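query_18.cif, holding mmCIF, C-alpha atoms (C1' of nucleotides):
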data_run
loop_
_atom_site.group_PDB
_atom_site.id
_atom_site.type_symbol
_atom_site.label_atom_id
_atom_site.label_comp_id
_atom_site.auth_asym_id
_atom_site.auth_seq_id
_atom_site.Cartn_x
_atom_site.Cartn_y
_atom_site.Cartn_z
ATOM 1 C CA MET R 1 84.208 120.089 108.199
ATOM 2 C CA LYS R 2 82.275 117.509 110.195
ATOM 3 C CA ASN R 3 81.014 118.312 113.651
ATOM 4 C CA LYS R 4 82.898 115.404 115.239
ATOM 5 C CA GLN R 5 86.156 116.790 113.888
ATOM 6 C CA LYS R 6 85.379 120.195 115.338
ATOM 7 C CA GLN R 7 84.829 118.707 118.771
ATOM 8 C CA ILE R 8 88.224 117.023 118.570
ATOM 9 C CA GLN R 9 89.840 120.330 117.684
ATOM 10 C CA LEU R 10 88.268 122.017 120.670
ATOM 11 C CA ARG R 11 89.601 119.229 122.840
ATOM 12 C CA ASP R 12 93.064 119.688 121.360
ATOM 13 C CA VAL R 13 93.003 123.354 122.174
ATOM 14 C CA GLN R 14 91.934 122.618 125.724
ATOM 15 C CA ASP R 15 94.667 120.001 126.102
ATOM 16 C CA VAL R 16 97.375 122.365 124.943
ATOM 17 C CA ILE R 17 96.107 125.210 127.072
ATOM 18 C CA ASP R 18 96.214 122.845 129.993
ATOM 19 C CA ILE R 19 99.873 122.148 129.292
ATOM 20 C CA ILE R 20 101.157 125.626 128.646
ATOM 21 C CA GLY R 21 98.480 127.337 130.746
ATOM 22 C CA GLY R 22 98.410 128.529 134.307
ATOM 23 C CA ARG R 23 100.457 131.418 135.543
ATOM 24 C CA TRP R 24 103.826 129.701 135.046
ATOM 25 C CA ARG R 25 103.990 126.742 132.708
ATOM 26 C CA GLY R 26 104.279 128.730 129.490
ATOM 27 C CA ALA R 27 106.947 130.952 130.968
ATOM 28 C CA ILE R 28 108.925 127.989 132.284
ATOM 29 C CA LEU R 29 108.893 126.387 128.864
ATOM 30 C CA ALA R 30 109.813 129.655 127.202
ATOM 31 C CA SER R 31 112.686 130.081 129.597
ATOM 32 C CA LEU R 32 113.935 126.580 128.871
ATOM 33 C CA CYS R 33 113.724 127.230 125.125
ATOM 34 C CA ASP R 34 116.630 129.577 125.662
ATOM 35 C CA LYS R 35 118.798 126.903 127.272
ATOM 36 C CA GLU R 36 118.710 124.274 129.989
ATOM 37 C CA LYS R 37 118.534 125.725 133.465
ATOM 38 C CA ARG R 38 118.944 124.846 137.102
ATOM 39 C CA PHE R 39 116.266 125.158 139.731
ATOM 40 C CA ASN R 40 117.342 128.461 141.205
ATOM 41 C CA GLU R 41 118.224 129.804 137.822
ATOM 42 C CA LEU R 42 114.649 129.268 136.693
ATOM 43 C CA LYS R 43 113.427 130.754 139.932
ATOM 44 C CA ARG R 44 115.396 133.923 139.283
ATOM 45 C CA ASP R 45 114.286 134.051 135.664
ATOM 46 C CA LEU R 46 110.647 133.843 136.573
ATOM 47 C CA GLY R 47 110.891 136.456 139.238
ATOM 48 C CA SER R 48 108.133 135.880 141.730
ATOM 49 C CA ILE R 49 107.475 132.170 141.621
ATOM 50 C CA THR R 50 107.684 130.319 144.922
ATOM 51 C CA PRO R 51 109.790 127.165 145.213
ATOM 52 C CA ARG R 52 106.693 125.143 146.034
ATOM 53 C CA THR R 53 105.019 126.170 142.807
ATOM 54 C CA LEU R 54 108.147 125.759 140.728
ATOM 55 C CA THR R 55 108.640 122.219 142.008
ATOM 56 C CA LYS R 56 105.047 121.341 141.228
ATOM 57 C CA GLU R 57 105.137 122.790 137.735
ATOM 58 C CA LEU R 58 108.439 121.115 136.878
ATOM 59 C CA LYS R 59 107.032 117.760 137.963
ATOM 60 C CA TYR R 60 103.936 118.333 135.868
ATOM 61 C CA LEU R 61 105.986 119.213 132.792
ATOM 62 C CA GLU R 62 108.207 116.192 133.364
ATOM 63 C CA MET R 63 105.178 113.919 133.625
ATOM 64 C CA ASN R 64 104.045 115.269 130.289
ATOM 65 C CA LYS R 65 107.399 114.474 128.730
ATOM 66 C CA LEU R 66 108.164 118.076 127.921
ATOM 67 C CA ILE R 67 111.216 118.423 130.101
ATOM 68 C CA ILE R 68 113.698 116.123 131.783
ATOM 69 C CA ARG R 69 115.453 116.436 135.096
ATOM 70 C CA GLU R 70 119.095 115.524 134.778
ATOM 71 C CA VAL R 71 121.327 114.784 137.726
ATOM 72 C CA ASP R 72 124.973 115.170 136.959
ATOM 73 C CA ALA R 73 126.518 112.017 138.444
ATOM 74 C CA SER R 74 129.728 113.803 139.324
ATOM 75 C CA SER R 75 127.964 116.065 141.787
ATOM 76 C CA VAL R 76 124.607 115.743 143.479
ATOM 77 C CA VAL R 77 124.112 119.476 143.480
ATOM 78 C CA THR R 78 124.171 119.809 139.759
ATOM 79 C CA ILE R 79 120.702 119.232 138.469
ATOM 80 C CA VAL R 80 119.486 120.719 135.239
ATOM 81 C CA TYR R 81 116.122 120.840 133.629
ATOM 82 C CA ARG R 82 116.062 120.733 129.877
ATOM 83 C CA LEU R 83 113.475 120.385 127.144
ATOM 84 C CA THR R 84 112.942 116.947 125.667
ATOM 85 C CA LYS R 85 112.673 116.575 121.923
ATOM 86 C CA HIS R 86 108.930 116.779 122.351
ATOM 87 C CA GLY R 87 109.321 119.874 124.498
ATOM 88 C CA LYS R 88 111.478 121.456 121.829
ATOM 89 C CA SER R 89 108.727 120.919 119.302
ATOM 90 C CA LEU R 90 106.805 123.561 121.243
ATOM 91 C CA GLU R 91 109.349 126.222 120.405
ATOM 92 C CA PRO R 92 107.764 127.545 117.194
ATOM 93 C CA LEU R 93 104.427 127.715 118.944
ATOM 94 C CA ILE R 94 105.900 129.696 121.805
ATOM 95 C CA GLY R 95 107.610 131.914 119.265
ATOM 96 C CA GLN R 96 104.288 132.663 117.654
ATOM 97 C CA ILE R 97 102.758 133.325 121.041
ATOM 98 C CA VAL R 98 105.420 135.901 121.802
ATOM 99 C CA ILE R 99 104.873 137.621 118.471
ATOM 100 C CA TRP R 100 101.120 137.696 118.862
ATOM 101 C CA GLY R 101 101.490 138.896 122.442
ATOM 102 C CA GLN R 102 103.501 141.874 121.275
ATOM 103 C CA LYS R 103 100.921 142.761 118.625
ATOM 104 C CA HIS R 104 98.135 142.344 121.140
ATOM 105 C CA ARG R 105 99.712 144.742 123.587
ATOM 106 C CA LYS R 106 99.704 147.377 120.890
ATOM 107 C CA VAL R 107 96.074 146.740 119.968
ATOM 108 C CA VAL R 108 94.823 146.884 123.518
ATOM 109 C CA LEU R 109 96.971 149.782 124.644
ATOM 110 C CA GLY R 110 97.005 151.824 121.443
ATOM 111 C CA MET W 1 119.897 137.907 123.416
ATOM 112 C CA LYS W 2 119.847 140.338 126.307
ATOM 113 C CA ASN W 3 118.323 139.427 129.623
ATOM 114 C CA LYS W 4 115.838 142.316 129.516
ATOM 115 C CA GLN W 5 114.511 141.093 126.199
ATOM 116 C CA LYS W 6 114.045 137.624 127.608
ATOM 117 C CA GLN W 7 112.011 138.973 130.485
ATOM 118 C CA ILE W 8 109.755 140.760 128.037
ATOM 119 C CA GLN W 9 109.226 137.551 126.131
ATOM 120 C CA LEU W 10 108.240 135.724 129.284
ATOM 121 C CA ARG W 11 105.759 138.484 129.976
ATOM 122 C CA ASP W 12 104.351 138.179 126.468
ATOM 123 C CA VAL W 13 103.848 134.472 126.944
ATOM 124 C CA GLN W 14 102.098 135.074 130.248
ATOM 125 C CA ASP W 15 99.891 137.750 128.706
ATOM 126 C CA VAL W 16 98.782 135.506 125.883
ATOM 127 C CA ILE W 17 98.227 132.549 128.173
ATOM 128 C CA ASP W 18 96.057 134.809 130.246
ATOM 129 C CA ILE W 19 93.939 135.604 127.212
ATOM 130 C CA ILE W 20 93.538 132.191 125.666
ATOM 131 C CA GLY W 21 94.020 130.349 128.949
ATOM 132 C CA GLY W 22 91.605 129.052 131.481
ATOM 133 C CA ARG W 23 89.405 126.076 130.838
ATOM 134 C CA TRP W 24 87.294 127.752 128.157
ATOM 135 C CA ARG W 25 88.691 130.810 126.469
ATOM 136 C CA GLY W 26 90.811 129.001 123.916
ATOM 137 C CA ALA W 27 87.973 126.700 123.002
ATOM 138 C CA ILE W 28 85.531 129.580 122.638
ATOM 139 C CA LEU W 29 87.903 131.369 120.301
ATOM 140 C CA ALA W 30 88.540 128.184 118.346
ATOM 141 C CA SER W 31 84.825 127.641 118.005
ATOM 142 C CA LEU W 32 84.348 131.166 116.727
ATOM 143 C CA CYS W 33 87.165 130.703 114.199
ATOM 144 C CA ASP W 34 84.797 128.342 112.440
ATOM 145 C CA LYS W 35 82.049 130.926 112.159
ATOM 146 C CA GLU W 36 80.118 133.417 114.250
ATOM 147 C CA LYS W 37 77.842 131.770 116.775
ATOM 148 C CA ARG W 38 74.933 132.443 119.086
ATOM 149 C CA PHE W 39 74.995 132.004 122.835
ATOM 150 C CA ASN W 40 73.324 128.623 123.000
ATOM 151 C CA GLU W 41 75.127 127.470 119.916
ATOM 152 C CA LEU W 42 78.440 128.067 121.675
ATOM 153 C CA LYS W 43 77.071 126.412 124.770
ATOM 154 C CA ARG W 44 76.264 123.270 122.809
ATOM 155 C CA ASP W 45 79.602 123.346 121.035
ATOM 156 C CA LEU W 46 81.533 123.516 124.262
ATOM 157 C CA GLY W 47 79.571 120.752 125.873
ATOM 158 C CA SER W 48 79.745 121.197 129.593
ATOM 159 C CA ILE W 49 80.141 124.924 130.112
ATOM 160 C CA THR W 50 77.576 126.590 132.347
ATOM 161 C CA PRO W 51 75.763 129.723 131.197
ATOM 162 C CA ARG W 52 77.283 131.693 134.036
ATOM 163 C CA THR W 53 80.789 130.846 132.904
ATOM 164 C CA LEU W 54 80.043 131.368 129.232
ATOM 165 C CA THR W 55 78.641 134.833 129.919
ATOM 166 C CA LYS W 56 81.685 135.779 131.926
ATOM 167 C CA GLU W 57 84.150 134.497 129.352
ATOM 168 C CA LEU W 58 82.386 136.211 126.480
ATOM 169 C CA LYS W 59 82.497 139.501 128.353
ATOM 170 C CA TYR W 60 86.175 139.038 129.043
ATOM 171 C CA LEU W 61 86.932 138.324 125.394
ATOM 172 C CA GLU W 62 84.865 141.307 124.333
ATOM 173 C CA MET W 63 86.741 143.560 126.740
ATOM 174 C CA ASN W 64 89.950 142.371 125.163
ATOM 175 C CA LYS W 65 88.669 143.248 121.698
ATOM 176 C CA LEU W 66 88.824 139.696 120.462
ATOM 177 C CA ILE W 67 85.119 139.260 119.826
ATOM 178 C CA ILE W 68 82.112 141.464 119.323
ATOM 179 C CA ARG W 69 78.539 140.981 120.406
ATOM 180 C CA GLU W 70 76.166 141.887 117.640
ATOM 181 C CA VAL W 71 72.473 142.487 118.158
ATOM 182 C CA ASP W 72 70.455 142.092 114.991
ATOM 183 C CA ALA W 73 68.213 145.148 114.988
ATOM 184 C CA SER W 74 65.390 143.294 113.274
ATOM 185 C CA SER W 75 64.929 140.980 116.218
ATOM 186 C CA VAL W 76 66.106 141.269 119.799
ATOM 187 C CA VAL W 77 66.581 137.545 120.067
ATOM 188 C CA THR W 78 69.186 137.366 117.401
ATOM 189 C CA ILE W 79 72.543 138.003 118.997
ATOM 190 C CA VAL W 80 75.739 136.687 117.529
ATOM 191 C CA TYR W 81 79.266 136.649 118.759
ATOM 192 C CA ARG W 82 81.954 136.948 116.158
ATOM 193 C CA LEU W 83 85.700 137.461 116.071
ATOM 194 C CA THR W 84 86.999 140.964 115.543
ATOM 195 C CA LYS W 85 89.836 141.542 113.109
ATOM 196 C CA HIS W 86 92.191 141.283 116.042
ATOM 197 C CA GLY W 87 90.506 138.085 117.163
ATOM 198 C CA LYS W 88 90.905 136.651 113.685
ATOM 199 C CA SER W 89 94.630 137.282 113.880
ATOM 200 C CA LEU W 90 94.693 134.539 116.513
ATOM 201 C CA GLU W 91 93.528 131.962 113.986
ATOM 202 C CA PRO W 92 96.952 130.772 112.797
ATOM 203 C CA LEU W 93 98.087 130.456 116.386
ATOM 204 C CA ILE W 94 95.053 128.377 117.259
ATOM 205 C CA GLY W 95 95.666 126.314 114.162
ATOM 206 C CA GLN W 96 99.164 125.563 115.337
ATOM 207 C CA ILE W 97 97.872 124.748 118.797
ATOM 208 C CA VAL W 98 95.483 122.191 117.346
ATOM 209 C CA ILE W 99 98.235 120.587 115.299
ATOM 210 C CA TRP W 100 100.626 120.427 118.224
ATOM 211 C CA GLY W 101 97.849 119.087 120.449
ATOM 212 C CA GLN W 102 97.281 116.209 118.088
ATOM 213 C CA LYS W 103 100.980 115.359 118.020
ATOM 214 C CA HIS W 104 101.164 115.646 121.782
ATOM 215 C CA ARG W 105 98.344 113.199 122.292
ATOM 216 C CA LYS W 106 100.282 110.652 120.283
ATOM 217 C CA VAL W 107 103.495 111.244 122.216
ATOM 218 C CA VAL W 108 101.869 110.963 125.609
ATOM 219 C CA LEU W 109 99.587 108.068 124.794
ATOM 220 C CA GLY W 110 101.838 106.189 122.390
ATOM 221 C "C1'" DA G 1 46.747 129.459 125.261
ATOM 222 C "C1'" DA G 2 50.501 126.562 126.286
ATOM 223 C "C1'" DT G 3 54.948 125.064 125.482
ATOM 224 C "C1'" DA G 4 59.517 125.585 124.221
ATOM 225 C "C1'" DC G 5 63.379 128.151 122.991
ATOM 226 C "C1'" DC G 6 66.565 132.378 123.511
ATOM 227 C "C1'" DA G 7 69.908 134.944 126.177
ATOM 228 C "C1'" DC G 8 70.985 135.497 129.907
ATOM 229 C "C1'" DT G 9 71.291 136.677 135.720
ATOM 230 C "C1'" DA G 10 71.578 135.370 140.651
ATOM 231 C "C1'" DT G 11 73.054 132.784 144.477
ATOM 232 C "C1'" DC G 12 75.478 129.437 146.625
ATOM 233 C "C1'" DT G 13 79.174 126.024 146.924
ATOM 234 C "C1'" DT G 14 83.185 123.490 145.652
ATOM 235 C "C1'" DT G 15 87.605 123.064 143.660
ATOM 236 C "C1'" DT G 16 91.996 124.494 142.403
ATOM 237 C "C1'" DA G 17 95.929 127.356 141.873
ATOM 238 C "C1'" DG G 18 99.175 129.426 143.904
ATOM 239 C "C1'" DG G 19 101.230 132.631 147.622
ATOM 240 C "C1'" DA G 20 103.676 133.019 152.391
ATOM 241 C "C1'" DT G 21 106.716 131.218 155.235
ATOM 242 C "C1'" DA G 22 109.692 128.215 157.453
ATOM 243 C "C1'" DC G 23 112.564 124.411 157.272
ATOM 244 C "C1'" DT G 24 115.881 120.461 155.684
ATOM 245 C "C1'" DA G 25 119.952 118.061 153.927
ATOM 246 C "C1'" DC G 26 123.793 118.722 151.346
ATOM 247 C "C1'" DT G 27 127.916 121.229 149.256
ATOM 248 C "C1'" DT G 28 131.166 124.636 148.202
ATOM 249 C "C1'" DA G 29 133.829 128.782 148.933
ATOM 250 C "C1'" DA G 30 136.084 132.074 152.145
ATOM 251 C "C1'" DT M 1 134.453 126.586 160.552
ATOM 252 C "C1'" DT M 2 131.192 129.499 159.332
ATOM 253 C "C1'" DA M 3 128.566 131.462 155.843
ATOM 254 C "C1'" DA M 4 126.250 131.151 151.634
ATOM 255 C "C1'" DG M 5 124.344 128.648 147.959
ATOM 256 C "C1'" DT M 6 121.680 124.450 145.898
ATOM 257 C "C1'" DA M 7 117.482 121.868 145.511
ATOM 258 C "C1'" DG M 8 114.070 121.278 147.220
ATOM 259 C "C1'" DT M 9 109.675 119.864 151.325
ATOM 260 C "C1'" DA M 10 106.059 120.860 154.546
ATOM 261 C "C1'" DT M 11 102.206 123.374 156.307
ATOM 262 C "C1'" DC M 12 98.974 126.700 156.239
ATOM 263 C "C1'" DC M 13 96.082 130.081 153.929
ATOM 264 C "C1'" DT M 14 93.654 132.959 150.438
ATOM 265 C "C1'" DA M 15 91.653 134.251 146.196
ATOM 266 C "C1'" DA M 16 89.937 133.138 141.992
ATOM 267 C "C1'" DA M 17 87.753 129.941 138.767
ATOM 268 C "C1'" DA M 18 84.126 127.478 137.770
ATOM 269 C "C1'" DG M 19 80.217 124.110 138.760
ATOM 270 C "C1'" DA M 20 75.157 123.410 140.337
ATOM 271 C "C1'" DT M 21 70.876 125.012 140.218
ATOM 272 C "C1'" DA M 22 67.069 127.981 139.781
ATOM 273 C "C1'" DG M 23 64.900 131.819 137.840
ATOM 274 C "C1'" DT M 24 63.719 135.908 134.479
ATOM 275 C "C1'" DG M 25 61.732 138.328 130.639
ATOM 276 C "C1'" DG M 26 61.191 138.049 126.143
ATOM 277 C "C1'" DT M 27 59.958 135.535 121.409
ATOM 278 C "C1'" DA M 28 58.465 132.053 118.297
ATOM 279 C "C1'" DT M 29 55.784 127.867 117.492
ATOM 280 C "C1'" DT M 30 51.807 124.846 117.450
#
Take the structure I supplied and represent it as structure tokens, if you would.
Amino acid sequence: MKNKQKQIQLRDVQDVIDIIGGRWRGAILASLCDKEKRFNELKRDLGSITPRTLTKELKYLEMNKLIIREVDASSVVTIVYRLTKHGKSLEPLIGQIVIWGQKHRKVVLG
Amino acid sequence: MKNKQKQIQLRDVQDVIDIIGGRWRGAILASLCDKEKRFNELKRDLGSITPRTLTKELKYLEMNKLIIREVDASSVVTIVYRLTKHGKSLEPLIGQIVIWGQKHRKVVLG
DNA sequence: AATACCACTATCTTTTAGGATACTACTTAA
DNA sequence: TTAAGTAGTATCCTAAAAGATAGTGGTATT
């Protein structure tokens, strides 16, 4: 493989890590893989995230077209966040991450 | 799926993100998937990493049993970093990351 | 003998992520 | 009508990540 191509691959890895990286983004996406969720629902799921951080991360993920914020017209209070089609395409990757994570825990602990 | 199980999955995602996350770790591992490399070789590959950061990241990855530092007994100057068996098990995941990264670039740019 | 490369280490500074906490505007249920 | 929940904002602060830069002790090269 050419060197140029390798550089591009490294950049791809860095891009993806940027998207699913940080303390919360991967977990938010994983949580939304399960089903669409509301703000406080996500907050509870994630445990210790602050509302400030959750807001920021949701906006970031929306900007990157991975999730959408939907306001139910019938009521202003009903807002759900759900994965876009593009966001859903992350699901197998997240699945593999979970599997590897479980194996890794065994290797490092055992 | 039970709620407990979901929490564990979120933790797995966070664990893995911790390992391959940050600006450099994923790229270092991806670079070593290609073949084992020397310190300055990695430095050149990664482009703008500083030696301080590279040292720190390599130590972290070594601690997590993903790479090993090998000193060639015949010469003190020949030190290579290579993936452990456990580190190699990350290769398919990194492969998928690269593929998704390429798709993502198209979605966001196009 | 001088220069350049190897694999780092040390120090100092900046940047960024994210926590803590309090507050707002609105709605629904008791 | 009061209390509790929803979906956030605003402000301040801290810790960690990582860059900039210089230096070290060795080796190999010419």
Selection under test: the PyMOL selection byres ((chain G and resi 13) around 10); residues as a VMD selection string | (chain G and resid 11 to 12 14 to 15) or (chain M and resid 19 to 20)
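With atom CA of Lys59 of chain W on one side and atom C1' of DG19 of chain G on the other, the separation reads 27.7 Å.
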Any chance you could dump chain W, least-squares fitted to chain R on all C-alpha atoms in order, as a PDB file with C-alpha atoms, in the coordinates of the input?
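Contents of the output file selection.pdb:
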ATOM      1  CA  MET W   1      84.110 120.414 108.174  1.00  0.00           C
ATOM      2  CA  LYS W   2      82.129 117.872 110.144  1.00  0.00           C
ATOM      3  CA  ASN W   3      80.854 118.616 113.604  1.00  0.00           C
ATOM      4  CA  LYS W   4      82.719 115.676 115.155  1.00  0.00           C
ATOM      5  CA  GLN W   5      85.989 116.996 113.803  1.00  0.00           C
ATOM      6  CA  LYS W   6      85.285 120.395 115.281  1.00  0.00           C
ATOM      7  CA  GLN W   7      84.706 118.887 118.691  1.00  0.00           C
ATOM      8  CA  ILE W   8      88.051 117.144 118.475  1.00  0.00           C
ATOM      9  CA  GLN W   9      89.738 120.412 117.644  1.00  0.00           C
ATOM     10  CA  LEU W  10      88.188 122.090 120.650  1.00  0.00           C
ATOM     11  CA  ARG W  11      89.484 119.247 122.768  1.00  0.00           C
ATOM     12  CA  ASP W  12      92.956 119.656 121.298  1.00  0.00           C
ATOM     13  CA  VAL W  13      92.935 123.328 122.154  1.00  0.00           C
ATOM     14  CA  GLN W  14      91.845 122.557 125.697  1.00  0.00           C
ATOM     15  CA  ASP W  15      94.525 119.891 126.048  1.00  0.00           C
ATOM     16  CA  VAL W  16      97.280 122.217 124.936  1.00  0.00           C
ATOM     17  CA  ILE W  17      96.023 125.068 127.077  1.00  0.00           C
ATOM     18  CA  ASP W  18      96.118 122.679 129.974  1.00  0.00           C
ATOM     19  CA  ILE W  19      99.769 121.953 129.291  1.00  0.00           C
ATOM     20  CA  ILE W  20     101.108 125.413 128.633  1.00  0.00           C
ATOM     21  CA  GLY W  21      98.427 127.136 130.694  1.00  0.00           C
ATOM     22  CA  GLY W  22      98.333 128.276 134.246  1.00  0.00           C
ATOM     23  CA  ARG W  23     100.312 131.222 135.478  1.00  0.00           C
ATOM     24  CA  TRP W  24     103.718 129.602 135.000  1.00  0.00           C
ATOM     25  CA  ARG W  25     103.955 126.647 132.685  1.00  0.00           C
ATOM     26  CA  GLY W  26     104.240 128.603 129.464  1.00  0.00           C
ATOM     27  CA  ALA W  27     106.868 130.871 130.925  1.00  0.00           C
ATOM     28  CA  ILE W  28     108.885 127.950 132.265  1.00  0.00           C
ATOM     29  CA  LEU W  29     108.877 126.310 128.859  1.00  0.00           C
ATOM     30  CA  ALA W  30     109.773 129.583 127.169  1.00  0.00           C
ATOM     31  CA  SER W  31     112.637 130.051 129.576  1.00  0.00           C
ATOM     32  CA  LEU W  32     113.916 126.568 128.854  1.00  0.00           C
ATOM     33  CA  CYS W  33     113.704 127.196 125.098  1.00  0.00           C
ATOM     34  CA  ASP W  34     116.596 129.567 125.633  1.00  0.00           C
ATOM     35  CA  LYS W  35     118.767 126.932 127.260  1.00  0.00           C
ATOM     36  CA  GLU W  36     118.683 124.316 129.991  1.00  0.00           C
ATOM     37  CA  LYS W  37     118.491 125.809 133.456  1.00  0.00           C
ATOM     38  CA  ARG W  38     118.924 124.978 137.113  1.00  0.00           C
ATOM     39  CA  PHE W  39     116.227 125.272 139.738  1.00  0.00           C
ATOM     40  CA  ASN W  40     117.256 128.603 141.185  1.00  0.00           C
ATOM     41  CA  GLU W  41     118.146 129.918 137.783  1.00  0.00           C
ATOM     42  CA  LEU W  42     114.566 129.331 136.660  1.00  0.00           C
ATOM     43  CA  LYS W  43     113.330 130.831 139.887  1.00  0.00           C
ATOM     44  CA  ARG W  44     115.252 134.028 139.210  1.00  0.00           C
ATOM     45  CA  ASP W  45     114.145 134.100 135.596  1.00  0.00           C
ATOM     46  CA  LEU W  46     110.500 133.850 136.505  1.00  0.00           C
ATOM     47  CA  GLY W  47     110.720 136.502 139.151  1.00  0.00           C
ATOM     48  CA  SER W  48     107.973 135.916 141.637  1.00  0.00           C
ATOM     49  CA  ILE W  49     107.367 132.182 141.559  1.00  0.00           C
ATOM     50  CA  THR W  50     107.621 130.370 144.876  1.00  0.00           C
ATOM     51  CA  PRO W  51     109.750 127.242 145.205  1.00  0.00           C
ATOM     52  CA  ARG W  52     106.690 125.199 146.050  1.00  0.00           C
ATOM     53  CA  THR W  53     105.000 126.172 142.811  1.00  0.00           C
ATOM     54  CA  LEU W  54     108.128 125.777 140.721  1.00  0.00           C
ATOM     55  CA  THR W  55     108.672 122.255 142.043  1.00  0.00           C
ATOM     56  CA  LYS W  56     105.110 121.304 141.269  1.00  0.00           C
ATOM     57  CA  GLU W  57     105.171 122.743 137.766  1.00  0.00           C
ATOM     58  CA  LEU W  58     108.467 121.102 136.907  1.00  0.00           C
ATOM     59  CA  LYS W  59     107.101 117.745 138.006  1.00  0.00           C
ATOM     60  CA  TYR W  60     104.006 118.267 135.916  1.00  0.00           C
ATOM     61  CA  LEU W  61     106.041 119.141 132.835  1.00  0.00           C
ATOM     62  CA  GLU W  62     108.285 116.153 133.413  1.00  0.00           C
ATOM     63  CA  MET W  63     105.282 113.853 133.689  1.00  0.00           C
ATOM     64  CA  ASN W  64     104.113 115.178 130.361  1.00  0.00           C
ATOM     65  CA  LYS W  65     107.477 114.407 128.779  1.00  0.00           C
ATOM     66  CA  LEU W  66     108.202 118.007 127.953  1.00  0.00           C
ATOM     67  CA  ILE W  67     111.268 118.380 130.140  1.00  0.00           C
ATOM     68  CA  ILE W  68     113.775 116.127 131.811  1.00  0.00           C
ATOM     69  CA  ARG W  69     115.533 116.483 135.121  1.00  0.00           C
ATOM     70  CA  GLU W  70     119.176 115.629 134.802  1.00  0.00           C
ATOM     71  CA  VAL W  71     121.429 114.922 137.750  1.00  0.00           C
ATOM     72  CA  ASP W  72     125.091 115.393 136.955  1.00  0.00           C
ATOM     73  CA  ALA W  73     126.712 112.287 138.401  1.00  0.00           C
ATOM     74  CA  SER W  74     129.901 114.139 139.266  1.00  0.00           C
ATOM     75  CA  SER W  75     128.121 116.325 141.774  1.00  0.00           C
ATOM     76  CA  VAL W  76     124.762 115.924 143.460  1.00  0.00           C
ATOM     77  CA  VAL W  77     124.196 119.645 143.479  1.00  0.00           C
ATOM     78  CA  THR W  78     124.234 119.990 139.763  1.00  0.00           C
ATOM     79  CA  ILE W  79     120.738 119.371 138.492  1.00  0.00           C
ATOM     80  CA  VAL W  80     119.500 120.818 135.256  1.00  0.00           C
ATOM     81  CA  TYR W  81     116.135 120.892 133.636  1.00  0.00           C
ATOM     82  CA  ARG W  82     116.074 120.758 129.886  1.00  0.00           C
ATOM     83  CA  LEU W  83     113.491 120.338 127.156  1.00  0.00           C
ATOM     84  CA  THR W  84     112.983 116.889 125.710  1.00  0.00           C
ATOM     85  CA  LYS W  85     112.701 116.474 121.961  1.00  0.00           C
ATOM     86  CA  HIS W  86     108.960 116.674 122.382  1.00  0.00           C
ATOM     87  CA  GLY W  87     109.325 119.785 124.506  1.00  0.00           C
ATOM     88  CA  LYS W  88     111.485 121.363 121.830  1.00  0.00           C
ATOM     89  CA  SER W  89     108.719 120.813 119.309  1.00  0.00           C
ATOM     90  CA  LEU W  90     106.784 123.452 121.247  1.00  0.00           C
ATOM     91  CA  GLU W  91     109.366 126.097 120.398  1.00  0.00           C
ATOM     92  CA  PRO W  92     107.770 127.414 117.193  1.00  0.00           C
ATOM     93  CA  LEU W  93     104.428 127.616 118.941  1.00  0.00           C
ATOM     94  CA  ILE W  94     105.935 129.587 121.793  1.00  0.00           C
ATOM     95  CA  GLY W  95     107.667 131.783 119.263  1.00  0.00           C
ATOM     96  CA  GLN W  96     104.354 132.570 117.656  1.00  0.00           C
ATOM     97  CA  ILE W  97     102.814 133.219 121.049  1.00  0.00           C
ATOM     98  CA  VAL W  98     105.502 135.773 121.825  1.00  0.00           C
ATOM     99  CA  ILE W  99     104.984 137.521 118.506  1.00  0.00           C
ATOM    100  CA  TRP W 100     101.224 137.623 118.891  1.00  0.00           C
ATOM    101  CA  GLY W 101     101.602 138.809 122.484  1.00  0.00           C
ATOM    102  CA  GLN W 102     103.641 141.763 121.344  1.00  0.00           C
ATOM    103  CA  LYS W 103     101.063 142.702 118.721  1.00  0.00           C
ATOM    104  CA  HIS W 104      98.277 142.273 121.237  1.00  0.00           C
ATOM    105  CA  ARG W 105      99.886 144.631 123.697  1.00  0.00           C
ATOM    106  CA  LYS W 106      99.906 147.299 121.022  1.00  0.00           C
ATOM    107  CA  VAL W 107      96.274 146.708 120.092  1.00  0.00           C
ATOM    108  CA  VAL W 108      95.024 146.818 123.650  1.00  0.00           C
ATOM    109  CA  LEU W 109      97.183 149.688 124.814  1.00  0.00           C
ATOM    110  CA  GLY W 110      97.268 151.712 121.609  1.00  0.00           C
TER     111      GLY W 110
END
For chain M against chain R, which residues fall within 12 Å using all atoms listed in the file, given as a ChimeraX atom specification?
-> /M:5-11,17
Would you list which chain W residues are within 10 Å of chain R using only C-alpha atoms, as a ChimeraX atom specification?
-> /W:1,3,6-31,34,45-47,63-66,86-87,89-90,92-105,107-108
Define the interface residues of chain G facing chain W as those within 12 Å, counting only C-alpha atoms (C1' of nucleotides), and report them as a ChimeraX atom specification.
-> /G:5-11,16-17
